[in-house]
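Comments concern the structure below.
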Amino acid sequence: VIGAEGSDEENLVRAIDESVCEPARILSTAGLNCLARTDSGREIECTVRRVVRTLSRDSRNALVTGDRVLIQIVNDQQGVVERVEPRHGVLSRESGGREHIIAANVDQALIVVSADDPPLKPNLIDRFLVSSERGEVAPIICINKTDLVAPSDLQPIVGMYAQLGYRIVLCSGLNGVGIAPLQRMLRGKQTVLSGQSGVGKSTIINQIDPSLNLDTSSVSDWTSKGKHTTRRAVMYPIVANGWVIDTPGIRQLALWNVEREEVEGYFIEFRPFVPLCRFPDCRHTIEADCGVKRAVVAELISSQRYDSYLKILSDEQFDE
């Protein structure tokens, strides 16, 4: 119902009768349709009210996996999303000049990389760390496929991130090594798993909760897609009294809503050395008498992390 005063958008939002709606969370989206799970445990296929899409026109995502919503039930199997609640804990990236939200309302992000096959990419880890902090999501670095390399090969990178204070866990989705501590980290939390294709996100989820059987069980009939697919983010309840979101693999992560001068602040080891730079607007690239570059030479800052910083600054989004 549209009221007599104000814009259509304002009145449609204001006119929602909450007494006929149920709170729910979005398990997955496909175009203008979604699968929602009510707080009472019912799974309902929903369409999205036009005004909800209109209010989100500046974003790529009117509705994302993990959203908290109010839905109006039409029948036993169908409903309509009437309102999207404010988001928190967002993991996102830039796509086509707009924000692409990977998942919303999560407590933590499990940044999954593989020790090998595909090769480990520290630069991608660092981008995820920036995106996580930007979205107020606690990061956990997970190195999977540890059965493919010698433990000593991973010690340098594990030591580097652990020394910086990041949580890091080594595991093998193939043989289950390291899954127990990972289960403890995910207990009672809402966690999004993200990383490249082929790093084993779905395999890890199967180890965490074998009852999900993601490789063989159908996600839902509502998508008409049949078997499990990682073409879109899907949220699952796990036996450890938590939720996990399996996401499609990504090749690169362009940062959203991060200004060039803000990047240094997301590299926590830079912070003690930035005040030692000669110039207050130092970008730590070609400037003389730079405290950060001196720290890299003195091996007080990892050259690998510094290289990640330079690669982020070279992104097209920072071109002037």
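Starting from 1 in every chain, residues are counted up; chains themselves are A, B, ... following the order of the structure tokens, and ligands are numbered from 1 as listed.
For Leu212 (chain A), the set of protein, DNA and RNA residues having any atom at most 9 Å away, when counting only C-alpha atoms and skipping those fewer than 4 positions along the same chain, is Ile205, Asn206, Ser217, Tyr236, Pro237 and Ile238 of chain A.
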Query - Near-Leu255 (chain A) list (12 Å; only C-alpha atoms; drop same-chain fewer than 6 positions) as JSON, numbers by chain - result: {"A": [91, 92, 93, 94, 95, 96, 97, 98, 99, 100, 101, 124, 126, 127, 128, 129, 130, 131, 132, 133, 134, 135, 262, 263, 266, 311, 312, 313, 314, 315, 316, 317, 318]}
Go ahead and write the residues just picked, C-alpha atoms, as a compact mmCIF listing (two decimals), in the first residue's frame.
```
# COMPACT_ATOMS: atom_id res chain seq x y z
CA LEU A 91 32.88 -8.86 2.81
CA SER A 92 32.87 -7.13 -0.56
CA ARG A 93 34.88 -6.20 -3.62
CA GLU A 94 34.68 -3.72 -6.50
CA SER A 95 33.05 -4.91 -9.71
CA GLY A 96 32.26 -2.68 -12.65
CA GLY A 97 32.55 0.45 -10.55
CA ARG A 98 30.03 -0.78 -7.97
CA GLU A 99 30.17 -2.70 -4.74
CA HIS A 100 29.78 -6.46 -5.10
CA ILE A 101 28.94 -7.81 -1.67
CA LEU A 124 45.41 -12.38 -2.55
CA ASP A 126 46.57 -9.48 1.81
CA ARG A 127 43.72 -8.13 -0.30
CA PHE A 128 41.26 -10.25 1.65
CA LEU A 129 42.74 -8.97 4.90
CA VAL A 130 42.14 -5.39 3.76
CA SER A 131 38.60 -6.16 2.60
CA SER A 132 37.83 -7.95 5.88
CA GLU A 133 39.03 -5.09 8.03
CA ARG A 134 37.21 -2.61 5.81
CA GLY A 135 33.97 -4.55 6.34
CA GLU A 262 44.02 4.66 3.36
CA VAL A 263 45.84 1.55 2.11
CA TYR A 266 45.41 -1.66 6.59
CA LYS A 311 50.49 -4.02 -6.13
CA ILE A 312 47.36 -2.69 -4.46
CA LEU A 313 48.48 0.89 -5.12
CA SER A 314 48.98 -0.02 -8.78
CA ASP A 315 45.31 -0.92 -9.17
CA GLU A 316 43.46 1.02 -11.85
CA GLN A 317 41.04 2.36 -9.25
CA PHE A 318 43.85 4.58 -7.93
```
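You will find CA of Val296 (chain A) at 24.8 Å from CA of Ala254 (chain A).
Closest to Leu35 (chain A) among A:Asp246, A:Glu18, A:Asp67, A:Asp209 is A:Asp67, based on only C-alpha atoms.
For the pair CA of Arg294 (chain A) and CA of Asp281 (chain A), the interatomic distance is 16.4 Å.
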Query raised in the report: Just asking: which residues within region 3-168 of chain A are helix (DSSP H, G or I) according to DSSP, as a ChimeraX atom specification?
Result: /A:8-14,18-20,50-55,122-134,146-148,151-163
Please save C-alpha atoms of the selected residues as a PDB file, in the first residue's frame.
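Contents of the output file out.pdb:
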```
ATOM      1  CA  ASP A   8       6.647   5.813  -3.376  1.00  0.00           C
ATOM      2  CA  GLU A   9       9.879   4.312  -2.052  1.00  0.00           C
ATOM      3  CA  GLU A  10       9.508   5.880   1.386  1.00  0.00           C
ATOM      4  CA  ASN A  11       5.869   4.919   1.719  1.00  0.00           C
ATOM      5  CA  LEU A  12       6.327   1.344   0.563  1.00  0.00           C
ATOM      6  CA  VAL A  13       8.990   0.845   3.176  1.00  0.00           C
ATOM      7  CA  ARG A  14       6.910   2.624   5.809  1.00  0.00           C
ATOM      8  CA  GLU A  18       5.330  -6.244  10.344  1.00  0.00           C
ATOM      9  CA  SER A  19       2.602  -8.255  12.037  1.00  0.00           C
ATOM     10  CA  VAL A  20       2.142 -10.299   8.836  1.00  0.00           C
ATOM     11  CA  ARG A  50      10.399  -3.856  -6.458  1.00  0.00           C
ATOM     12  CA  VAL A  51      10.968  -1.056  -3.993  1.00  0.00           C
ATOM     13  CA  VAL A  52      13.690  -3.111  -2.298  1.00  0.00           C
ATOM     14  CA  ARG A  53      15.502  -3.373  -5.622  1.00  0.00           C
ATOM     15  CA  THR A  54      15.021   0.329  -6.317  1.00  0.00           C
ATOM     16  CA  LEU A  55      16.484   1.380  -2.987  1.00  0.00           C
ATOM     17  CA  PRO A 122      50.081 -14.152  -0.512  1.00  0.00           C
ATOM     18  CA  ASN A 123      48.982 -11.060  -2.431  1.00  0.00           C
ATOM     19  CA  LEU A 124      45.414 -12.375  -2.549  1.00  0.00           C
ATOM     20  CA  ILE A 125      45.539 -13.068   1.192  1.00  0.00           C
ATOM     21  CA  ASP A 126      46.571  -9.482   1.811  1.00  0.00           C
ATOM     22  CA  ARG A 127      43.724  -8.134  -0.297  1.00  0.00           C
ATOM     23  CA  PHE A 128      41.256 -10.251   1.647  1.00  0.00           C
ATOM     24  CA  LEU A 129      42.739  -8.972   4.903  1.00  0.00           C
ATOM     25  CA  VAL A 130      42.144  -5.389   3.762  1.00  0.00           C
ATOM     26  CA  SER A 131      38.605  -6.159   2.604  1.00  0.00           C
ATOM     27  CA  SER A 132      37.835  -7.954   5.880  1.00  0.00           C
ATOM     28  CA  GLU A 133      39.034  -5.090   8.034  1.00  0.00           C
ATOM     29  CA  ARG A 134      37.207  -2.609   5.811  1.00  0.00           C
ATOM     30  CA  THR A 146      49.044 -29.079   3.357  1.00  0.00           C
ATOM     31  CA  ASP A 147      49.464 -32.723   2.356  1.00  0.00           C
ATOM     32  CA  LEU A 148      50.978 -31.502  -0.937  1.00  0.00           C
ATOM     33  CA  PRO A 151      55.688 -28.465   6.542  1.00  0.00           C
ATOM     34  CA  SER A 152      58.963 -26.533   6.460  1.00  0.00           C
ATOM     35  CA  ASP A 153      57.908 -24.906   3.190  1.00  0.00           C
ATOM     36  CA  LEU A 154      55.025 -23.158   4.963  1.00  0.00           C
ATOM     37  CA  GLN A 155      56.892 -21.987   8.050  1.00  0.00           C
ATOM     38  CA  PRO A 156      57.973 -18.590   6.637  1.00  0.00           C
ATOM     39  CA  ILE A 157      54.495 -17.482   5.607  1.00  0.00           C
ATOM     40  CA  VAL A 158      52.849 -18.933   8.719  1.00  0.00           C
ATOM     41  CA  GLY A 159      55.369 -17.176  10.922  1.00  0.00           C
ATOM     42  CA  MET A 160      54.927 -13.870   9.093  1.00  0.00           C
ATOM     43  CA  TYR A 161      51.153 -13.702   9.539  1.00  0.00           C
ATOM     44  CA  ALA A 162      51.195 -15.155  13.052  1.00  0.00           C
ATOM     45  CA  GLN A 163      53.717 -12.541  14.132  1.00  0.00           C
TER      46      GLN A 163
END
```
Requested in this report: Considering only C-alpha atoms, return as a PyMOL selection string whatever protein or nucleic-acid residues lie within 12 Å of Ile301 (chain A), sequence-local ones (same chain, fewer than 5 positions apart) excluded.
Outcome: chain A and resi 160-161+163-164+267-274+291-296+306-309
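Using only C-alpha atoms for every distance, the candidate list A:Gln72, A:Ser194, A:Gln183, A:Thr29 yields A:Ser194 as the residue closest to Val112 (chain A).
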Query - Spatial neighbours of Ala24 (chain A), 7 Å, only C-alpha atoms, chain gap at least 4 places, as a VMD selection string - result: chain A and resid 36 to 39 68 to 71
Query raised in the report: Could you name the residues that touch region 73-78 of chain A at 10 Å or less, counting only C-alpha atoms, but leaving out those on the same chain fewer than 3 positions away, as an NGL selection string?
Result: :A and (20-22 or 35-36 or 42-47 or 70 or 81 or 222)
**Report entry** Long-range neighbours of Met235 (chain A) as JSON, numbers by chain, 7 Å cut-off, only C-alpha atoms, 6 positions minimum in chain
**Finding:** {"A": [27, 28, 65, 66, 243, 244, 245, 246]}
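Among A:Pro210, A:Cys142, A:Lys201, A:Gly79, the residue with the shortest atom-to-atom distance to Pro181 (chain A), counting only C-alpha atoms, is A:Cys142.
Here CA of Ile250 (chain A) is placed at a distance of 18.2 Å from CA of Gln108 (chain A).
Proximity to Ser114 (chain A) was assessed for A:Cys282, A:Val64, A:Val234, A:Val169 counting only C-alpha atoms; the smallest distance is recorded for A:Val169.
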Determine which residues of region 179-320 of chain A receive a DSSP assignment of strand (DSSP E), computed from the backbone, and state them as an mmCIF file with N, CA, C and O atoms, in the first residue's frame.
```cif
data_model
loop_
_atom_site.group_PDB
_atom_site.id
_atom_site.type_symbol
_atom_site.label_atom_id
_atom_site.label_comp_id
_atom_site.auth_asym_id
_atom_site.auth_seq_id
_atom_site.Cartn_x
_atom_site.Cartn_y
_atom_site.Cartn_z
ATOM 1 N N GLN A 190 29.117 -16.964 12.429
ATOM 2 C CA GLN A 190 28.684 -16.912 11.033
ATOM 3 C C GLN A 190 29.913 -16.574 10.198
ATOM 4 O O GLN A 190 30.483 -15.493 10.342
ATOM 5 N N THR A 191 30.318 -17.524 9.363
ATOM 6 C CA THR A 191 31.609 -17.443 8.685
ATOM 7 C C THR A 191 31.444 -17.559 7.184
ATOM 8 O O THR A 191 30.747 -18.441 6.689
ATOM 9 N N VAL A 192 32.103 -16.666 6.444
ATOM 10 C CA VAL A 192 32.120 -16.775 4.991
ATOM 11 C C VAL A 192 33.475 -17.335 4.579
ATOM 12 O O VAL A 192 34.515 -16.916 5.076
ATOM 13 N N LEU A 193 33.461 -18.336 3.685
ATOM 14 C CA LEU A 193 34.679 -18.902 3.120
ATOM 15 C C LEU A 193 34.872 -18.303 1.741
ATOM 16 O O LEU A 193 33.965 -18.346 0.899
ATOM 17 N N SER A 194 36.043 -17.755 1.505
ATOM 18 C CA SER A 194 36.292 -17.144 0.206
ATOM 19 C C SER A 194 37.727 -17.400 -0.224
ATOM 20 O O SER A 194 38.619 -17.589 0.605
ATOM 21 N N GLY A 195 37.940 -17.422 -1.522
ATOM 22 C CA GLY A 195 39.259 -17.682 -2.077
ATOM 23 C C GLY A 195 39.151 -18.056 -3.543
ATOM 24 O O GLY A 195 38.081 -17.988 -4.145
ATOM 25 N N VAL A 234 26.219 -19.602 -1.014
ATOM 26 C CA VAL A 234 25.153 -20.371 -0.362
ATOM 27 C C VAL A 234 25.489 -20.503 1.119
ATOM 28 O O VAL A 234 26.620 -20.835 1.482
ATOM 29 N N MET A 235 24.484 -20.257 1.957
ATOM 30 C CA MET A 235 24.663 -20.318 3.410
ATOM 31 C C MET A 235 24.098 -21.620 3.961
ATOM 32 O O MET A 235 23.007 -22.050 3.581
ATOM 33 N N TYR A 236 24.864 -22.248 4.868
ATOM 34 C CA TYR A 236 24.455 -23.525 5.458
ATOM 35 C C TYR A 236 24.586 -23.466 6.982
ATOM 36 O O TYR A 236 25.581 -22.943 7.495
ATOM 37 N N PRO A 237 23.624 -24.047 7.692
ATOM 38 C CA PRO A 237 23.814 -24.237 9.141
ATOM 39 C C PRO A 237 24.737 -25.430 9.352
ATOM 40 O O PRO A 237 24.695 -26.407 8.597
ATOM 41 N N ILE A 238 25.605 -25.350 10.352
ATOM 42 C CA ILE A 238 26.511 -26.467 10.640
ATOM 43 C C ILE A 238 26.248 -26.985 12.044
ATOM 44 O O ILE A 238 25.671 -26.288 12.886
ATOM 45 N N GLY A 242 26.637 -23.021 14.246
ATOM 46 C CA GLY A 242 27.051 -21.845 13.508
ATOM 47 C C GLY A 242 26.544 -21.909 12.087
ATOM 48 O O GLY A 242 25.744 -22.782 11.728
ATOM 49 N N TRP A 243 27.014 -20.984 11.274
ATOM 50 C CA TRP A 243 26.643 -20.929 9.857
ATOM 51 C C TRP A 243 27.897 -20.725 9.027
ATOM 52 O O TRP A 243 28.814 -20.001 9.443
ATOM 53 N N VAL A 244 27.939 -21.337 7.855
ATOM 54 C CA VAL A 244 29.031 -21.087 6.916
ATOM 55 C C VAL A 244 28.442 -20.691 5.576
ATOM 56 O O VAL A 244 27.359 -21.132 5.201
ATOM 57 N N ILE A 245 29.168 -19.834 4.869
ATOM 58 C CA ILE A 245 28.764 -19.417 3.531
ATOM 59 C C ILE A 245 29.842 -19.865 2.562
ATOM 60 O O ILE A 245 30.995 -19.439 2.650
ATOM 61 N N ASP A 246 29.467 -20.755 1.657
ATOM 62 C CA ASP A 246 30.357 -21.210 0.590
ATOM 63 C C ASP A 246 30.203 -20.237 -0.569
ATOM 64 O O ASP A 246 29.077 -19.878 -0.945
#
```
